[in-house]
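As stored in model.json (JSON, C-alpha atoms):
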```
[["chain", "number", "residue", "atom", "x", "y", "z"],
["A", 1, "MET", "CA", 37.88, -6.78, -42.86],
["A", 2, "ASN", "CA", 38.07, -8.94, -45.87],
["A", 3, "PRO", "CA", 35.59, -8.44, -48.69],
["A", 4, "LYS", "CA", 34.00, -11.75, -47.66],
["A", 5, "GLY", "CA", 33.22, -10.39, -44.17],
["A", 6, "GLU", "CA", 35.58, -12.74, -42.35],
["A", 7, "LYS", "CA", 37.84, -11.71, -39.52],
["A", 8, "PRO", "CA", 41.49, -11.39, -40.48],
["A", 9, "LYS", "CA", 43.72, -14.09, -39.05],
["A", 10, "SER", "CA", 46.17, -12.97, -36.41],
["A", 11, "LYS", "CA", 49.84, -13.11, -37.21],
["A", 12, "ILE", "CA", 50.71, -14.54, -33.78],
["A", 13, "SER", "CA", 49.97, -18.17, -32.97],
["A", 14, "ALA", "CA", 47.77, -19.13, -30.03],
["A", 15, "SER", "CA", 50.66, -20.65, -28.09],
["A", 16, "ARG", "CA", 52.70, -17.46, -28.53],
["A", 17, "LYS", "CA", 49.73, -15.37, -27.30],
["A", 18, "LEU", "CA", 49.38, -17.61, -24.26],
["A", 19, "SER", "CA", 53.08, -17.34, -23.42],
["A", 20, "LEU", "CA", 52.95, -13.53, -23.76],
["A", 21, "LYS", "CA", 49.92, -13.38, -21.47],
["A", 22, "MET", "CA", 51.74, -15.51, -18.91],
["A", 23, "LEU", "CA", 54.79, -13.23, -19.07],
["A", 24, "LEU", "CA", 52.62, -10.13, -18.60],
["A", 25, "LEU", "CA", 50.82, -11.68, -15.64],
["A", 26, "THR", "CA", 54.04, -12.74, -13.91],
["A", 27, "ARG", "CA", 55.51, -9.27, -14.48],
["A", 28, "ALA", "CA", 52.35, -7.65, -13.04],
["A", 29, "CYS", "CA", 52.49, -9.94, -9.97],
["A", 30, "GLU", "CA", 56.15, -9.05, -9.41],
["A", 31, "ASP", "CA", 55.35, -5.34, -9.66],
["A", 32, "LEU", "CA", 52.51, -5.69, -7.15],
["A", 33, "GLU", "CA", 54.78, -7.51, -4.70],
["A", 34, "ARG", "CA", 57.45, -4.84, -5.11],
["A", 35, "GLU", "CA", 54.93, -2.05, -4.49],
["A", 36, "LYS", "CA", 53.66, -3.85, -1.39],
["A", 37, "GLN", "CA", 57.20, -4.18, 0.00],
["A", 38, "ASP", "CA", 57.93, -0.50, -0.77],
["A", 39, "ARG", "CA", 54.80, 0.55, 1.12],
["A", 40, "GLU", "CA", 55.78, -1.56, 4.13],
["A", 41, "GLU", "CA", 59.31, -0.09, 4.14],
["A", 42, "GLU", "CA", 57.90, 3.45, 3.86],
["A", 43, "LYS", "CA", 55.55, 2.75, 6.76],
["A", 44, "VAL", "CA", 58.37, 1.43, 8.96],
["A", 45, "ARG", "CA", 60.57, 4.41, 8.05],
["A", 46, "TYR", "CA", 57.78, 6.91, 8.81],
["A", 47, "ILE", "CA", 57.00, 5.29, 12.17],
["A", 48, "GLY", "CA", 60.72, 5.26, 13.01],
["A", 49, "GLU", "CA", 60.91, 9.02, 12.34],
["A", 50, "LYS", "CA", 57.76, 9.95, 14.20],
["A", 51, "LEU", "CA", 58.06, 7.52, 17.12],
["A", 52, "PRO", "CA", 61.56, 6.92, 18.40],
["A", 53, "PRO", "CA", 61.89, 3.88, 20.68],
["A", 54, "LEU", "CA", 61.05, 4.62, 24.31],
["A", 55, "GLN", "CA", 63.66, 4.20, 27.06],
["A", 56, "LEU", "CA", 61.54, 3.51, 30.13],
["A", 57, "SER", "CA", 63.89, 1.46, 32.28],
["A", 58, "GLY", "CA", 65.56, 3.28, 35.14],
["A", 59, "LEU", "CA", 63.58, 6.55, 34.78],
["A", 60, "PRO", "CA", 62.33, 8.28, 37.93],
["A", 61, "LEU", "CA", 58.62, 8.96, 38.42],
["A", 62, "ASN", "CA", 58.69, 12.67, 37.54],
["A", 63, "GLU", "CA", 60.47, 11.98, 34.22],
["A", 64, "LEU", "CA", 57.92, 9.27, 33.39],
["A", 65, "GLN", "CA", 55.14, 11.80, 34.05],
["A", 66, "LYS", "CA", 56.84, 14.35, 31.76],
["A", 67, "LEU", "CA", 57.18, 11.66, 29.08],
["A", 68, "CYS", "CA", 53.47, 10.83, 29.41],
["A", 69, "GLN", "CA", 52.58, 14.51, 29.07],
["A", 70, "GLU", "CA", 54.75, 14.82, 25.93],
["A", 71, "LEU", "CA", 53.11, 11.72, 24.46],
["A", 72, "HIS", "CA", 49.66, 13.15, 25.18],
["A", 73, "THR", "CA", 50.54, 16.43, 23.42],
["A", 74, "LYS", "CA", 51.84, 14.45, 20.43],
["A", 75, "ILE", "CA", 48.63, 12.41, 20.41],
["A", 76, "ASP", "CA", 46.59, 15.63, 20.42],
["A", 77, "VAL", "CA", 48.58, 17.01, 17.48],
["A", 78, "VAL", "CA", 48.16, 13.77, 15.52],
["A", 79, "ASP", "CA", 44.42, 13.70, 16.28],
["A", 80, "GLU", "CA", 44.07, 17.26, 15.01],
["A", 81, "GLU", "CA", 45.91, 16.35, 11.79],
["A", 82, "ARG", "CA", 43.74, 13.25, 11.37],
["A", 83, "TYR", "CA", 40.57, 15.28, 11.88],
["A", 84, "ASP", "CA", 41.75, 17.90, 9.36],
["A", 85, "CYS", "CA", 42.53, 15.18, 6.81],
["A", 86, "GLU", "CA", 39.17, 13.50, 7.35],
["A", 87, "SER", "CA", 37.32, 16.78, 6.94],
["A", 88, "LYS", "CA", 39.24, 17.53, 3.73],
["A", 89, "VAL", "CA", 38.46, 14.07, 2.36],
["A", 90, "GLY", "CA", 34.78, 14.49, 3.27],
["A", 91, "LYS", "CA", 34.65, 17.88, 1.58],
["A", 92, "HIS", "CA", 36.35, 16.54, -1.54],
["A", 93, "ASN", "CA", 33.98, 13.57, -1.66],
["A", 94, "LYS", "CA", 31.01, 15.92, -1.39],
["A", 95, "ASP", "CA", 32.43, 18.11, -4.18],
["A", 96, "ILE", "CA", 32.99, 15.05, -6.36],
["A", 97, "HIS", "CA", 29.42, 13.91, -5.77],
["A", 98, "GLU", "CA", 28.05, 17.35, -6.67],
["A", 99, "LEU", "CA", 30.15, 17.48, -9.84],
["A", 100, "LYS", "CA", 28.94, 14.01, -10.83],
["A", 101, "LEU", "CA", 25.37, 15.20, -10.41],
["A", 102, "LYS", "CA", 26.08, 18.26, -12.54],
["A", 103, "ILE", "CA", 27.59, 16.06, -15.25],
["A", 104, "GLN", "CA", 24.52, 13.84, -15.18],
["A", 105, "ASP", "CA", 22.26, 16.89, -15.38],
["A", 106, "LEU", "CA", 24.18, 18.36, -18.30],
["A", 107, "GLY", "CA", 24.66, 15.14, -20.24],
["A", 108, "GLY", "CA", 21.39, 13.49, -19.35],
["A", 109, "LYS", "CA", 19.02, 16.00, -20.92],
["A", 110, "PHE", "CA", 16.36, 14.36, -22.99],
["A", 111, "LYS", "CA", 13.24, 15.64, -24.63],
["A", 112, "LYS", "CA", 9.95, 14.62, -23.14],
["A", 113, "PRO", "CA", 7.72, 13.05, -25.75],
["A", 114, "ALA", "CA", 4.52, 14.86, -26.60],
["A", 115, "LEU", "CA", 1.62, 13.12, -24.92],
["A", 116, "ARG", "CA", -1.36, 12.21, -27.01],
["A", 117, "LYS", "CA", -4.89, 12.96, -25.90],
["A", 118, "VAL", "CA", -6.73, 9.74, -25.22],
["A", 119, "ARG", "CA", -10.43, 9.59, -24.64],
["A", 120, "VAL", "CA", -11.31, 6.93, -22.11],
["A", 121, "SER", "CA", -14.77, 6.24, -20.82],
["A", 122, "ALA", "CA", -15.42, 5.72, -17.13],
["A", 123, "ASP", "CA", -15.90, 1.97, -17.65],
["A", 124, "GLU", "CA", -12.58, 1.63, -19.46],
["A", 125, "MET", "CA", -10.85, 3.68, -16.77],
["A", 126, "MET", "CA", -12.25, 1.47, -14.01],
["A", 127, "ARG", "CA", -11.23, -1.68, -15.89],
["A", 128, "ALA", "CA", -7.72, -0.31, -16.30],
["A", 129, "LEU", "CA", -7.46, 0.60, -12.61],
["A", 130, "LEU", "CA", -9.24, -2.34, -11.01],
["A", 131, "GLY", "CA", -8.72, -5.05, -13.62],
["A", 132, "SER", "CA", -10.91, -8.11, -13.06],
["A", 133, "LYS", "CA", -12.50, -6.62, -9.91],
["A", 134, "HIS", "CA", -14.54, -4.20, -12.02],
["A", 135, "LYS", "CA", -17.96, -5.59, -12.80],
["A", 136, "GLY", "CA", -20.72, -4.10, -14.86],
["A", 137, "SER", "CA", -21.08, -0.64, -16.20],
["A", 138, "MET", "CA", -20.45, 2.55, -14.35],
["A", 139, "ASP", "CA", -23.91, 3.87, -13.60],
["A", 140, "LEU", "CA", -23.38, 6.74, -11.20],
["A", 141, "ARG", "CA", -27.08, 7.47, -10.72],
["A", 142, "ALA", "CA", -27.75, 3.97, -9.37],
["A", 143, "ASN", "CA", -25.52, 4.60, -6.36],
["A", 144, "LEU", "CA", -27.31, 7.78, -5.29],
["A", 145, "LYS", "CA", -29.66, 7.76, -2.31],
["A", 146, "SER", "CA", -33.29, 8.29, -3.04],
["A", 147, "VAL", "CA", -34.90, 11.11, -1.07],
["A", 148, "LYS", "CA", -38.62, 11.15, -0.45],
["A", 149, "LYS", "CA", -40.46, 14.44, -0.15],
["A", 150, "GLU", "CA", -41.97, 14.85, 3.28],
["A", 151, "ASP", "CA", -45.30, 16.45, 3.92],
["A", 152, "GLY", "CA", -45.51, 20.23, 4.31],
["A", 153, "LYS", "CA", -47.44, 19.70, 7.57],
["A", 154, "THR", "CA", -44.41, 18.47, 9.46],
["A", 155, "ASP", "CA", -42.45, 21.58, 8.43],
["A", 156, "LYS", "CA", -45.25, 23.83, 9.75],
["A", 157, "GLU", "CA", -45.33, 21.91, 13.05],
["A", 158, "LEU", "CA", -41.60, 22.39, 13.57],
["A", 159, "THR", "CA", -41.75, 26.13, 12.92],
["A", 160, "SER", "CA", -44.74, 26.57, 15.23],
["A", 161, "GLU", "CA", -42.90, 24.78, 18.09],
["A", 162, "VAL", "CA", -39.79, 26.91, 17.75],
["A", 163, "GLY", "CA", -41.65, 30.10, 17.07],
["A", 164, "ASP", "CA", -39.91, 33.27, 16.13],
["A", 165, "TRP", "CA", -36.27, 32.82, 16.99],
["A", 166, "ARG", "CA", -35.73, 36.54, 17.46],
["A", 167, "LYS", "CA", -38.16, 36.63, 20.34],
["A", 168, "ASN", "CA", -36.42, 33.68, 21.93],
["A", 169, "VAL", "CA", -32.99, 35.37, 21.66],
["A", 170, "GLU", "CA", -34.28, 38.66, 23.06],
["A", 171, "ALA", "CA", -35.94, 36.88, 25.97],
["A", 172, "MET", "CA", -32.80, 34.96, 26.87],
["A", 173, "SER", "CA", -30.36, 37.87, 26.50],
["A", 174, "GLY", "CA", -28.90, 39.71, 29.49],
["A", 175, "MET", "CA", -28.92, 38.67, 33.12],
["A", 176, "GLU", "CA", -32.63, 37.94, 33.19],
["A", 177, "GLY", "CA", -32.26, 35.37, 30.45],
["A", 178, "ARG", "CA", -29.41, 33.70, 32.28],
["A", 179, "LYS", "CA", -31.49, 33.67, 35.45],
["A", 180, "LYS", "CA", -34.36, 32.00, 33.57],
["A", 181, "MET", "CA", -31.97, 29.38, 32.19],
["A", 182, "PHE", "CA", -30.59, 28.76, 35.68],
["A", 183, "ASP", "CA", -34.06, 28.47, 37.17],
["A", 184, "THR", "CA", -35.26, 26.04, 34.48],
["A", 185, "ALA", "CA", -32.11, 23.94, 34.80],
["A", 186, "GLY", "CA", -32.35, 23.86, 38.59],
["A", 187, "GLY", "CA", -36.05, 23.00, 38.55],
["A", 188, "THR", "CA", -35.56, 19.93, 36.36],
["A", 189, "GLN", "CA", -33.16, 18.32, 38.81]]
```

structure tokens encoding of this file:
Amino acid sequence: MNPKGEKPKSKISASRKLSLKMLLLTRACEDLEREKQDREEEKVRYIGEKLPPLQLSGLPLNELQKLCQELHTKIDVVDEERYDCESKVGKHNKDIHELKLKIQDLGGKFKKPALRKVRVSADEMMRALLGSKHKGSMDLRANLKSVKKEDGKTDKELTSEVGDWRKNVEAMSGMEGRKKMFDTAGGTQ
């Protein structure tokens, strides 16, 4: 760069640059066309080697059947080769993907920043979570149910009705207890 900070002027004029670009583009197009023709010729040559033209006219039935069997065996061989190639390509793609992940793991290491301790009250937390829906302060005691103390008399009445539970269990245990339950159940119906 110049001391003034300006870009240096190119030594080639704009028209010369344009003409060079055009020449490069035409040359690239010609190369692409040539490669396309080469691929087509290679394809025709390969098919000519692998599949000779069939002579079907004037063949008896048994020779046609033999020809069909030969074609089927060739098809099986080609299918096996295609399957092998596809499995190799799939394996290589999987390996490439795993290597890309390893590269990302190795190159993508970064330090986690140290988190600061922030003291937030319950009201601020609710405002942050709910936004404008949060109204008023967070008074947890206001949401609790109030429980009234009941009289001690009702507790005594309940225990006197039930009685001693051990006596009740002993009375109902065994076959006699089951018979009593059966009799009381049958009598109510």

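In this model, the gap between CA of Leu129 in chain A and CA of Pro113 in chain A comes to 23.6 Å.
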
- Query: Expressed in Å to a single decimal, how great is the separation between CA of Leu51 in chain A and CA of His72 in chain A?
  - Reply: 12.9 Å

- Coordinates-based distance that separates CA of Leu54 in chain A from CA of Lys66 in chain A (Å, one decimal):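 Answer for the CA of Lys66 in chain A to CA of Leu54 in chain A separation: 13.0 Å.
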
- Message: Counting all atoms listed in the file, which residue out of A:Leu115, A:Met22, A:Lys50, A:Ser10 sits closest to Ile75 in chain A?
- Response: A:Lys50

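Compared by their closest atoms to Pro52 in chain A, and using all atoms listed in the file, the residues A:Leu71, A:Leu144, A:Met125, A:Leu32 rank with A:Leu71 nearest.
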